[in-house]
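**Q** My structure is stored as start_3.txt, with compact mmCIF, C-alpha atoms.
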# COMPACT_ATOMS: atom_id res chain seq x y z
CA MET A 7 193.57 161.21 99.98
CA PHE A 8 194.79 159.52 96.80
CA VAL A 9 192.89 162.15 94.79
CA GLY A 10 194.78 164.89 96.64
CA PHE A 11 198.18 163.47 95.71
CA VAL A 12 197.04 163.14 92.10
CA GLN A 13 195.96 166.76 92.09
CA VAL A 14 199.28 167.90 93.59
CA ILE A 15 201.15 166.03 90.88
CA ILE A 16 198.93 167.55 88.18
CA GLY A 17 199.37 171.00 89.68
CA THR A 18 203.17 170.56 89.82
CA PHE A 19 203.32 169.67 86.13
CA ALA A 20 200.91 172.47 85.25
CA PHE A 21 203.30 174.94 86.86
CA SER A 22 206.48 173.35 85.58
CA HIS A 23 207.52 176.62 83.98
CA GLY A 24 206.90 178.53 87.16
CA SER A 25 206.36 178.03 90.84
CA MET A 26 202.94 177.37 92.35
CA PRO A 27 202.31 179.27 95.59
CA PRO A 28 202.19 177.14 98.76
CA GLU A 29 198.54 178.07 99.13
CA GLY A 30 197.88 176.23 95.88
CA TYR A 31 199.15 172.94 97.33
CA LEU A 32 197.01 173.44 100.41
CA LEU A 33 193.94 174.07 98.26
CA LEU A 34 194.65 170.97 96.11
CA LEU A 35 194.76 168.89 99.32
CA ALA A 36 191.82 170.66 100.98
CA GLY A 37 189.33 169.60 98.30
CA PRO A 38 189.97 165.82 98.70
CA ALA A 39 190.02 166.25 102.49
CA ILE A 40 186.52 167.81 102.42
CA LEU A 41 185.33 165.04 100.11
CA LEU A 42 186.75 162.40 102.44
CA LEU A 43 185.07 163.89 105.52
CA GLY A 44 181.64 164.28 103.94
CA TYR A 45 181.76 161.34 101.51
CA LYS A 46 179.03 159.28 103.25
CA ARG A 47 177.44 161.52 105.87
CA ARG A 48 177.24 164.88 104.05
CA PRO A 49 177.64 164.34 100.27
CA GLY A 50 175.69 167.52 99.49
CA TRP A 51 177.88 169.74 101.66
CA ALA A 52 180.97 167.92 100.42
CA VAL A 53 180.33 168.80 96.76
CA ILE A 54 179.66 172.41 97.68
CA GLY A 55 182.89 172.59 99.71
CA VAL A 56 184.99 170.96 96.98
CA ASN A 57 183.72 173.36 94.31
CA ALA A 58 184.28 176.32 96.64
CA VAL A 59 187.89 175.21 97.13
CA ALA A 60 188.23 174.75 93.35
CA LEU A 61 187.01 178.31 92.85
CA GLY A 62 189.60 179.52 95.36
CA PHE A 63 192.29 177.65 93.43
CA TYR A 64 191.10 179.31 90.22
CA ALA A 65 191.35 182.71 91.86
CA LEU A 66 194.91 181.88 92.91
CA ALA A 67 196.21 180.08 89.83
CA GLY A 68 193.85 181.11 87.02
CA THR A 69 192.76 177.52 86.26
CA VAL A 70 190.79 174.71 87.82
CA GLY A 71 192.54 171.97 85.86
CA PRO A 72 194.46 170.33 88.76
CA ALA A 73 191.30 170.36 90.92
CA VAL A 74 189.14 168.55 88.36
CA PRO A 75 189.59 165.01 89.88
CA SER A 76 188.10 166.03 93.23
CA ILE A 77 185.35 168.00 91.47
CA ILE A 78 184.34 164.98 89.40
CA ALA A 79 184.49 162.64 92.41
CA SER A 80 182.39 164.94 94.60
CA VAL A 81 179.77 165.53 91.90
CA ILE A 82 179.39 161.81 91.17
CA ASN A 83 179.20 161.02 94.89
CA ALA A 84 176.52 163.67 95.43
CA VAL A 85 174.42 162.48 92.49
CA VAL A 86 174.68 158.82 93.50
CA ASN A 87 173.48 159.73 97.02
CA GLY A 88 170.51 161.69 95.72
CA LYS A 89 171.95 165.19 96.24
CA ARG A 90 171.40 166.33 92.65
CA VAL A 91 170.34 169.88 93.56
CA GLN A 92 173.54 170.52 95.50
CA ALA A 93 175.63 169.02 92.69
CA TRP A 94 174.04 171.17 89.96
CA ALA A 95 174.03 174.30 92.11
CA SER A 96 177.69 173.96 93.08
CA LEU A 97 178.69 173.37 89.44
CA ALA A 98 176.75 176.45 88.38
CA GLY A 99 178.33 178.44 91.20
CA LEU A 100 181.82 177.26 90.18
CA TRP A 101 181.32 178.31 86.58
CA ALA A 102 179.76 181.67 87.54
CA GLY A 103 182.56 182.23 90.04
CA THR A 104 185.28 181.64 87.44
CA VAL A 105 183.61 184.18 85.14
CA LEU A 106 183.41 186.79 87.94
CA VAL A 107 186.96 186.14 89.09
CA HIS A 108 188.21 186.50 85.53
CA PHE A 109 186.29 189.77 85.10
CA ALA A 110 187.61 191.09 88.41
CA ALA A 111 191.16 190.34 87.31
CA TYR A 112 190.98 191.53 83.71
CA LYS A 113 187.94 193.85 83.69
CA THR A 114 186.75 192.22 80.47
CA PHE A 115 184.90 189.22 79.04
CA GLU A 116 187.02 189.24 75.88
CA GLN A 117 188.66 185.89 76.62
CA PRO A 118 185.96 183.44 75.43
CA GLY A 119 188.43 180.59 75.69
CA ARG A 120 188.36 180.59 79.47
CA ILE A 121 184.58 180.96 79.55
CA ALA A 122 184.21 178.15 77.00
CA TYR A 123 186.52 176.07 79.17
CA GLY A 124 184.22 176.61 82.12
CA LEU A 125 181.17 175.75 80.04
CA GLY A 126 182.83 172.65 78.69
CA LEU A 127 183.85 171.54 82.16
CA ALA A 128 180.33 172.06 83.46
CA ALA A 129 178.87 170.16 80.50
CA LEU A 130 181.31 167.30 81.00
CA LEU A 131 180.52 167.02 84.68
CA ALA A 132 176.80 167.33 83.98
CA GLY A 133 176.99 164.48 81.47
CA LEU A 134 178.94 162.30 83.88
CA ALA A 135 176.52 163.06 86.69
CA GLU A 136 173.50 162.27 84.54
CA LEU A 137 175.07 159.02 83.37
CA VAL A 138 175.75 157.97 86.93
CA GLU A 139 172.25 158.96 88.00
CA ASN A 140 170.62 156.98 85.18
CA ARG A 141 172.67 153.92 86.04
CA ARG A 142 171.76 154.32 89.70
CA GLN A 143 168.06 154.60 88.92
CA ARG A 144 168.18 151.57 86.64
CA ALA A 145 170.02 149.59 89.31
CA ILE A 146 167.36 150.56 91.87
CA VAL A 147 164.55 149.52 89.50
CA TYR A 148 166.25 146.21 88.68
CA ARG A 149 166.89 145.52 92.36
CA ARG A 150 163.29 146.33 93.24
CA LEU A 151 161.97 144.09 90.46
CA TRP A 152 164.28 141.29 91.54
CA ASP A 153 163.19 141.63 95.18
CA GLU A 154 159.52 141.65 94.17
CA GLU A 155 159.96 138.58 91.99
CA ARG A 156 161.81 136.73 94.74
CA ARG A 157 159.15 137.72 97.28
CA ARG A 158 156.40 136.65 94.87
CA ARG A 159 158.02 133.24 94.39
CA GLU A 160 158.47 132.77 98.12
CA GLU A 161 154.84 133.70 98.76
CA GLN A 162 153.75 131.32 96.00
CA ARG A 163 155.78 128.48 97.49
CA GLU A 164 154.39 129.18 100.96
CA ARG A 165 150.84 129.40 99.59
CA GLN A 166 151.23 126.12 97.69
CA ALA A 167 152.69 124.44 100.76
CA GLY A 168 149.81 125.74 102.88
CA GLU A 169 147.25 124.56 100.34
CA GLU A 170 148.88 121.14 100.24
CA ARG A 171 148.87 120.89 104.03
CA LEU A 172 145.21 121.90 104.09
CA ARG A 173 144.36 119.33 101.42
CA MET A 174 146.19 116.57 103.29
CA ALA A 175 144.53 117.52 106.58
CA ARG A 176 141.11 117.55 104.93
CA GLU A 177 141.71 114.14 103.31
CA LEU A 178 142.89 112.58 106.58
CA HIS A 179 140.01 114.12 108.50
CA ASP A 180 137.40 112.76 106.09
CA VAL A 181 138.94 109.28 105.96
CA LEU A 182 139.52 108.93 109.69
CA ALA A 183 136.25 110.54 110.75
CA HIS A 184 134.21 108.21 108.56
CA SER A 185 136.07 105.03 109.50
CA LEU A 186 136.28 105.80 113.21
CA SER A 187 132.62 106.78 113.33
CA LEU A 188 131.67 103.39 111.89
CA ILE A 189 133.96 101.66 114.36
CA THR A 190 132.55 103.63 117.30
CA VAL A 191 128.94 102.87 116.40
CA ARG A 192 129.54 99.16 115.85
CA ALA A 193 131.65 98.91 119.02
CA SER A 194 128.80 100.48 121.00
CA VAL A 195 126.38 97.95 119.53
CA ALA A 196 128.74 95.08 120.40
CA LEU A 197 129.01 96.25 124.01
CA GLU A 198 125.25 96.53 124.41
CA LEU A 199 124.51 93.11 122.88
CA MET A 200 127.51 91.19 124.19
CA ASP A 201 125.44 89.08 126.58
CA SER A 202 122.02 89.02 124.92
CA ASN A 203 122.90 88.55 121.22
CA PRO A 204 126.36 87.06 120.53
CA GLN A 205 125.59 86.67 116.81
CA GLU A 206 125.01 90.41 116.43
CA VAL A 207 128.29 91.03 118.26
CA ARG A 208 130.04 88.90 115.69
CA GLN A 209 128.53 90.98 112.87
CA ALA A 210 129.60 94.17 114.64
CA LEU A 211 133.18 92.93 114.99
CA LEU A 212 133.25 91.99 111.31
CA ALA A 213 132.03 95.48 110.44
CA ILE A 214 134.71 97.00 112.67
CA LYS A 215 137.36 94.89 110.93
CA GLN A 216 136.12 95.95 107.50
CA ALA A 217 135.94 99.63 108.44
CA SER A 218 139.41 99.50 109.98
CA LYS A 219 140.92 97.89 106.88
CA SER A 220 139.18 100.29 104.52
CA GLY A 221 140.20 103.33 106.57
CA LEU A 222 143.77 102.13 106.88
CA ASP A 223 144.02 101.59 103.14
CA GLU A 224 142.76 105.10 102.44
CA VAL A 225 145.13 106.65 105.01
CA ARG A 226 148.02 104.83 103.37
CA ALA A 227 146.92 106.10 99.98
CA VAL A 228 146.82 109.68 101.26
CA LEU A 229 150.22 109.43 102.96
CA HIS A 230 151.79 107.83 99.90
CA GLY A 231 150.80 110.94 98.00
CA LEU A 232 153.49 112.80 99.96
CA ARG A 233 156.19 110.75 98.25
CA GLU A 234 156.86 111.49 94.61
CA ASP A 235 158.32 108.03 94.02
CA ALA A 236 155.40 106.23 95.66
CA PRO A 237 152.96 104.31 93.47
CA ARG A 238 149.80 106.27 92.87
CA THR A 239 146.62 104.73 94.29
CA PRO A 240 143.49 105.78 92.42
CA ALA A 241 141.66 108.42 94.41
CA PRO A 242 138.06 107.61 95.36
CA ASP A 243 135.36 109.05 93.11
CA LEU A 244 131.63 108.79 92.48
CA SER A 245 132.00 105.24 91.12
CA ARG A 246 132.58 104.09 94.71
CA LEU A 247 129.37 105.52 96.14
CA GLU A 248 127.82 102.06 96.39
CA GLU A 249 130.78 100.97 98.52
CA LEU A 250 130.31 104.03 100.70
CA VAL A 251 126.62 103.21 101.11
CA ALA A 252 127.52 99.65 102.10
CA HIS A 253 129.92 100.92 104.77
CA ALA A 254 127.21 103.16 106.18
CA LYS A 255 124.88 100.18 106.36
CA THR A 256 127.33 98.35 108.65
CA ALA A 257 126.82 101.21 111.11
CA GLY A 258 123.07 100.68 111.06
CA LEU A 259 122.31 103.48 108.60
CA THR A 260 120.23 102.61 105.54
CA VAL A 261 121.11 104.95 102.67
CA SER A 262 118.98 105.49 99.58
CA LEU A 263 121.20 106.49 96.65
CA ALA A 264 119.86 108.17 93.52
CA ARG A 265 121.91 109.35 90.54
CA THR A 266 120.28 111.45 87.82
CA GLY A 267 121.28 113.79 85.05
CA LYS A 268 123.47 113.67 81.95
CA HIS A 269 126.08 111.22 83.30
CA THR A 270 128.93 113.04 81.54
CA ASP A 271 132.61 112.58 82.35
CA ILE A 272 133.14 114.25 85.71
CA PRO A 273 136.60 115.82 86.27
CA ALA A 274 138.71 113.85 88.74
CA ALA A 275 138.90 116.74 91.22
CA VAL A 276 135.13 117.17 91.18
CA GLY A 277 134.59 113.42 91.56
CA LEU A 278 136.92 113.27 94.57
CA ALA A 279 135.32 116.32 96.18
CA GLY A 280 131.83 114.92 95.61
CA TYR A 281 132.78 111.59 97.18
CA ARG A 282 134.35 113.25 100.22
CA ILE A 283 131.39 115.60 100.72
CA ILE A 284 128.95 112.68 100.69
CA GLN A 285 131.26 110.68 102.96
CA GLU A 286 131.47 113.51 105.49
CA ALA A 287 127.73 114.16 105.35
CA LEU A 288 126.98 110.48 106.06
CA THR A 289 129.58 110.51 108.84
CA ASN A 290 127.74 113.42 110.43
CA VAL A 291 124.48 111.49 110.25
CA ILE A 292 126.09 108.49 111.96
CA ARG A 293 127.75 110.58 114.66
CA HIS A 294 125.19 113.30 115.37
CA SER A 295 121.79 111.88 114.44
CA LEU A 296 119.51 109.13 115.69
CA ALA A 297 118.18 108.65 112.17
CA ARG A 298 118.37 105.17 110.74
CA THR A 299 117.80 106.24 107.13
CA ALA A 300 119.37 108.84 104.88
CA VAL A 301 118.94 109.95 101.27
CA VAL A 302 121.79 110.77 98.88
CA HIS A 303 120.93 112.42 95.57
CA VAL A 304 123.61 113.14 92.96
CA HIS A 305 122.52 115.08 89.87
CA ASP A 306 124.78 115.78 86.87
CA ALA A 307 123.47 119.05 85.44
CA GLY A 308 126.19 119.23 82.79
CA TRP A 309 127.57 122.52 84.05
CA ALA A 310 127.76 121.39 87.69
CA LEU A 311 127.48 118.39 89.96
CA LEU A 312 124.62 118.88 92.44
CA ILE A 313 124.72 116.88 95.67
CA GLY A 314 122.13 116.52 98.40
CA VAL A 315 122.33 114.44 101.58
CA ALA A 316 119.47 114.44 104.08
CA ASP A 317 118.24 112.49 107.09
CA ASP A 318 114.97 112.62 109.03
CA GLY A 319 116.59 113.01 112.47
CA PRO A 320 116.22 113.61 115.29
CA ALA A 321 119.61 114.88 116.42
CA ARG A 322 121.61 112.78 118.85
CA PRO A 323 122.05 114.37 122.30
CA LYS A 324 125.54 115.80 122.68
CA THR A 325 127.93 114.21 125.13
CA SER A 326 131.27 115.22 126.63
CA GLU A 327 132.97 112.92 124.11
CA ASP A 328 131.71 114.95 121.18
CA GLY A 329 134.32 117.39 119.89
CA ALA A 330 133.73 120.70 118.18
CA GLY A 331 134.16 119.03 114.78
CA SER A 332 135.11 120.58 111.47
CA GLY A 333 133.23 118.40 109.01
CA LEU A 334 130.79 121.04 107.76
CA VAL A 335 133.62 123.55 107.47
CA GLY A 336 135.59 121.02 105.44
CA ILE A 337 132.60 120.49 103.13
CA ALA A 338 132.35 124.24 102.50
CA GLU A 339 136.10 124.50 101.91
CA ARG A 340 136.07 121.63 99.42
CA ALA A 341 133.26 123.21 97.44
CA ALA A 342 134.87 126.68 97.53
CA SER A 343 138.23 125.29 96.35
CA LEU A 344 136.53 124.26 93.09
CA GLY A 345 134.57 127.49 92.72
CA GLY A 346 131.38 125.93 94.06
CA THR A 347 129.16 126.41 97.10
CA ALA A 348 127.85 124.27 99.95
CA GLU A 349 125.05 124.86 102.44
CA SER A 350 123.89 122.86 105.43
CA GLY A 351 121.37 123.14 108.22
CA PRO A 352 118.38 121.59 109.98
CA ARG A 353 115.26 120.74 107.99
CA ALA A 354 111.93 122.33 108.77
CA ASP A 355 110.32 118.95 109.43
CA GLY A 356 113.26 117.60 111.47
CA GLY A 357 116.54 116.06 110.51
CA PHE A 358 119.50 117.67 108.75
CA GLU A 359 120.48 118.32 105.15
CA VAL A 360 123.61 119.20 103.17
CA TYR A 361 123.61 120.66 99.66
CA ALA A 362 126.61 121.29 97.41
CA ALA A 363 127.10 122.54 93.85
CA LEU A 364 130.44 121.76 92.21
CA PRO A 365 131.14 123.31 88.77
CA THR A 366 132.23 120.73 86.17
CA THR A 367 133.13 123.21 83.41
CA ALA A 368 135.65 126.03 83.35
CA PRO A 369 134.14 129.54 83.56
CA ILE A 370 133.89 131.37 80.26
If you took the structure in this file and wrote it as structure tokens, what would it be?
**A**
Amino acid sequence: MFVGFVQVIIGTFAFSHGSMPPEGYLLLLAGPAILLLGYKRRPGWAVIGVNAVALGFYALAGTVGPAVPSIIASVINAVVNGKRVQAWASLAGLWAGTVLVHFAAYKTFEQPGRIAYGLGLAALLAGLAELVENRRQRAIVYRRLWDEERRRREEQRERQAGEERLRMARELHDVLAHSLSLITVRASVALELMDSNPQEVRQALLAIKQASKSGLDEVRAVLHGLREDAPRTPAPDLSRLEELVAHAKTAGLTVSLARTGKHTDIPAAVGLAGYRIIQEALTNVIRHSLARTAVVHVHDAGWALLIGVADDGPARPKTSEDGAGSGLVGIAERAASLGGTAESGPRADGGFEVYAALPTTAPI
């Protein structure tokens, strides 16, 4: 109601040379009261009511000057709340009403000053309303852009965290699956030959020790990658394929390794993915096949690294200890993460094969 008291004061000074009728004070207080009641819930009806009261004050006092504060406040409030039609219509009605009231009182339009006053008032309020509307629209746009940028950054952080978790899970799966498969196979051999061939048991235990140490070292290397201040251990790459073949041999699998092609510098990510794909493929042979030999062929085509791993089978009968496994899925995911492809399946003449193509150059 502060606006109402301001209007009463303005009206009192405006009529300092005469007395303002009591109805004038009521009208100067009625406008702010309507604005207060409909400020939030009914801004459109509030601006119409305020301008109607202002027109009544004009009919009583011959001016709308003291009622201007409530008119401005109601128009701005209506525009800010999206009620532009009501704001413009009520302003137009107020101006048209003042012209008609003046004509009814004086039977003439020969007082352009009053009409110009009405036009000027309407133009002033229109300018204020448009200014407020523009600022409101810009604030909405800026707020929307800020919200979208914040949401985009949050989604990016979540996506990066998810990708990092997936990468760590894939690394741990490949390391542990390979090492534990070697340990399981050699432990089975040791149990079968414990009484009949103690020397072979000794070799199996040595292989288990070697596989355990190698697997533990790789797990430590992966986990150290979670700490920014941890020393970086070189990630495995294609230069360690001979070591991988030697590990497979301790599990009773003879691997024939062939490397052909241009022998160019392979990107680190491609080298790591190639190593892990071969490691997982050999792990699958050890776990799920009765084959005693396997072939690994790595070809550097210049534009891509082509990998093939095959065994002559047959498949090992499944037992209750065999899990569902996710090795082949991991191979496909590794290839896809680099923009490559991977396929796997049984061979026509028995056995199983895995093929992968990993791009080594950026797409043009």
**Q** Pick out the closest residue to A:Gly277 from this set: A:Ser245, A:Ser185, A:Ser350, A:Ser76. Count all atoms listed in the file.
**A**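 The closest residue to A:Gly277 is A:Ser245.
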**Q** For the point (127.2, 101.2, 98.6) in the file's frame, write as a list in words all residues with an atom no more than 12 Å away, counting all atoms listed in the file.
**A**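 The requested residues, written out, are Leu244, Ser245, Arg246, Leu247, Glu248, Glu249, Leu250, Val251, Ala252, His253, Ala254, Lys255, Thr256, Leu259, Thr260, Val261, Ser262, Leu263, Ala264, Tyr281, Ile284, Gln285, Leu288 and Val302 of chain A.
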**Q** Considering only C-alpha atoms, can you say which of A:Ala67, A:Val81, A:Ala167, A:Ile146 comes closest to A:Leu130?
**A**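 Looking only at the distances to A:Leu130, the closest residue turns out to be A:Val81.
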**Q** Taking only residues of stretch 264-301 of chain A that have an atom at most 10 Å from an atom of stretch 351-365 of chain A, what is each one's shortest atom pair and its distance in Å to one decimal, using only C-alpha atoms, in chain and number order, as a tab-separated table?
**A**
residue	atom	partner	partner_atom	distance
A:Ile272	CA	A:Pro365	CA	9.8
A:Pro273	CA	A:Pro365	CA	9.6
A:Ala275	CA	A:Leu364	CA	9.9
A:Val276	CA	A:Leu364	CA	6.6
A:Gly277	CA	A:Leu364	CA	9.3
A:Ala279	CA	A:Leu364	CA	8.3
A:Gly280	CA	A:Leu364	CA	7.8
A:Ile283	CA	A:Ala362	CA	8.1
A:Ile284	CA	A:Val360	CA	8.8
A:Glu286	CA	A:Val360	CA	10.0
A:Ala287	CA	A:Val360	CA	6.9
A:Leu288	CA	A:Val360	CA	9.8
A:Asn290	CA	A:Phe358	CA	9.4
A:Val291	CA	A:Phe358	CA	8.1
A:His294	CA	A:Phe358	CA	9.8
A:Ser295	CA	A:Gly357	CA	7.8
A:Leu296	CA	A:Gly357	CA	9.1
A:Ala297	CA	A:Gly357	CA	7.8
A:Ala300	CA	A:Glu359	CA	9.5
A:Val301	CA	A:Glu359	CA	9.4
**Q** For a test of reading the model, state the distance in Å between atom CA of A:Gly267 and atom CA of A:Asp306, rounded to one decimal.
**A**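 Going from atom CA of A:Gly267 over to atom CA of A:Asp306, I get 4.4 Å.
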**Q** Just the number, please: distance in Å from atom CA of A:His108 to atom CA of A:Ala84, one decimal.
**A**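 It comes out at 27.5 Å.
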**Q** Applying 10 Å and only C-alpha atoms, which residues near stretch 47-52 of chain A remain after dropping the ones on its own chain fewer than 3 positions away? List them as an mmCIF file with C-alpha atoms, in the coordinates of the input.
**A**
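Written file, out.cif:
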data_model
loop_
_atom_site.group_PDB
_atom_site.id
_atom_site.type_symbol
_atom_site.label_atom_id
_atom_site.label_comp_id
_atom_site.auth_asym_id
_atom_site.auth_seq_id
_atom_site.Cartn_x
_atom_site.Cartn_y
_atom_site.Cartn_z
ATOM 1 C CA GLY A 37 189.330 169.600 98.300
ATOM 2 C CA PRO A 38 189.970 165.820 98.700
ATOM 3 C CA ALA A 39 190.020 166.250 102.490
ATOM 4 C CA ILE A 40 186.520 167.810 102.420
ATOM 5 C CA LEU A 41 185.330 165.040 100.110
ATOM 6 C CA LEU A 42 186.750 162.400 102.440
ATOM 7 C CA LEU A 43 185.070 163.890 105.520
ATOM 8 C CA GLY A 44 181.640 164.280 103.940
ATOM 9 C CA GLY A 55 182.890 172.590 99.710
ATOM 10 C CA VAL A 56 184.990 170.960 96.980
ATOM 11 C CA ASN A 57 183.720 173.360 94.310
ATOM 12 C CA ALA A 58 184.280 176.320 96.640
ATOM 13 C CA ILE A 77 185.350 168.000 91.470
ATOM 14 C CA SER A 80 182.390 164.940 94.600
ATOM 15 C CA VAL A 81 179.770 165.530 91.900
ATOM 16 C CA ILE A 82 179.390 161.810 91.170
ATOM 17 C CA ASN A 83 179.200 161.020 94.890
ATOM 18 C CA ALA A 84 176.520 163.670 95.430
ATOM 19 C CA VAL A 85 174.420 162.480 92.490
ATOM 20 C CA VAL A 86 174.680 158.820 93.500
ATOM 21 C CA ASN A 87 173.480 159.730 97.020
ATOM 22 C CA GLY A 88 170.510 161.690 95.720
ATOM 23 C CA LYS A 89 171.950 165.190 96.240
ATOM 24 C CA ARG A 90 171.400 166.330 92.650
ATOM 25 C CA VAL A 91 170.340 169.880 93.560
ATOM 26 C CA GLN A 92 173.540 170.520 95.500
ATOM 27 C CA ALA A 93 175.630 169.020 92.690
ATOM 28 C CA SER A 96 177.690 173.960 93.080
#
**Q** Just the number, please: distance in Å from atom CA of A:Thr104 to atom CA of A:Tyr64, one decimal.
**A**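 About the pair atom CA of A:Thr104 and atom CA of A:Tyr64: they are 6.9 Å apart.
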**Q** Counting all atoms listed in the file, which of A:Thr289, A:Thr347, A:Thr366, A:Asn140 gets nearest to A:Thr270?
**A**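 So, comparing all the options, the nearest one is A:Thr366.
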**Q** Determine the nearest neighbour of A:Ala175 from the options A:Ala341, A:Ile54, A:Gly336, A:Tyr45, counting only C-alpha atoms.
**A**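 Selected residue with least distance to A:Ala175: A:Gly336.
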**Q** Go through A:Gly62, A:Val74, A:Gly68, A:Gly133 and flag the residue nearest A:Trp94, using all atoms listed in the file for the distances.
**A**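 Looking at the shortest contact to A:Trp94, the residue is A:Gly133.
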**Q** Could you add N, CA and C atoms to stretch 202-215 of chain A and give me the result as a PDB file, in the frame of the given file?
**A**
ATOM      1  N   SER A 202     123.345  89.444 125.395  1.00  0.00           N
ATOM      2  CA  SER A 202     122.020  89.020 124.920  1.00  0.00           C
ATOM      3  C   SER A 202     122.018  88.479 123.495  1.00  0.00           C
ATOM      4  N   ASN A 203     122.933  88.962 122.626  1.00  0.00           N
ATOM      5  CA  ASN A 203     122.900  88.550 121.220  1.00  0.00           C
ATOM      6  C   ASN A 203     124.316  88.385 120.687  1.00  0.00           C
ATOM      7  N   PRO A 204     124.973  87.274 120.975  1.00  0.00           N
ATOM      8  CA  PRO A 204     126.360  87.060 120.530  1.00  0.00           C
ATOM      9  C   PRO A 204     126.510  87.111 119.010  1.00  0.00           C
ATOM     10  N   GLN A 205     125.501  86.680 118.266  1.00  0.00           N
ATOM     11  CA  GLN A 205     125.590  86.670 116.810  1.00  0.00           C
ATOM     12  C   GLN A 205     125.699  88.093 116.259  1.00  0.00           C
ATOM     13  N   GLU A 206     124.929  89.005 116.849  1.00  0.00           N
ATOM     14  CA  GLU A 206     125.010  90.410 116.430  1.00  0.00           C
ATOM     15  C   GLU A 206     126.360  91.024 116.789  1.00  0.00           C
ATOM     16  N   VAL A 207     126.945  90.572 117.891  1.00  0.00           N
ATOM     17  CA  VAL A 207     128.290  91.030 118.260  1.00  0.00           C
ATOM     18  C   VAL A 207     129.290  90.597 117.213  1.00  0.00           C
ATOM     19  N   ARG A 208     129.134  89.384 116.733  1.00  0.00           N
ATOM     20  CA  ARG A 208     130.040  88.900 115.690  1.00  0.00           C
ATOM     21  C   ARG A 208     129.947  89.779 114.429  1.00  0.00           C
ATOM     22  N   GLN A 209     128.713  90.116 114.035  1.00  0.00           N
ATOM     23  CA  GLN A 209     128.530  90.980 112.870  1.00  0.00           C
ATOM     24  C   GLN A 209     129.145  92.363 113.105  1.00  0.00           C
ATOM     25  N   ALA A 210     129.017  92.854 114.336  1.00  0.00           N
ATOM     26  CA  ALA A 210     129.600  94.170 114.640  1.00  0.00           C
ATOM     27  C   ALA A 210     131.119  94.135 114.558  1.00  0.00           C
ATOM     28  N   LEU A 211     131.715  93.042 115.055  1.00  0.00           N
ATOM     29  CA  LEU A 211     133.180  92.930 114.990  1.00  0.00           C
ATOM     30  C   LEU A 211     133.658  92.809 113.553  1.00  0.00           C
ATOM     31  N   LEU A 212     132.891  92.080 112.728  1.00  0.00           N
ATOM     32  CA  LEU A 212     133.250  91.990 111.310  1.00  0.00           C
ATOM     33  C   LEU A 212     133.168  93.365 110.639  1.00  0.00           C
ATOM     34  N   ALA A 213     132.154  94.129 111.001  1.00  0.00           N
ATOM     35  CA  ALA A 213     132.030  95.480 110.440  1.00  0.00           C
ATOM     36  C   ALA A 213     133.173  96.371 110.888  1.00  0.00           C
ATOM     37  N   ILE A 214     133.573  96.225 112.159  1.00  0.00           N
ATOM     38  CA  ILE A 214     134.710  97.000 112.670  1.00  0.00           C
ATOM     39  C   ILE A 214     135.984  96.628 111.914  1.00  0.00           C
ATOM     40  N   LYS A 215     136.182  95.349 111.673  1.00  0.00           N
ATOM     41  CA  LYS A 215     137.360  94.890 110.930  1.00  0.00           C
ATOM     42  C   LYS A 215     137.360  95.460 109.525  1.00  0.00           C
TER      43      LYS A 215
END
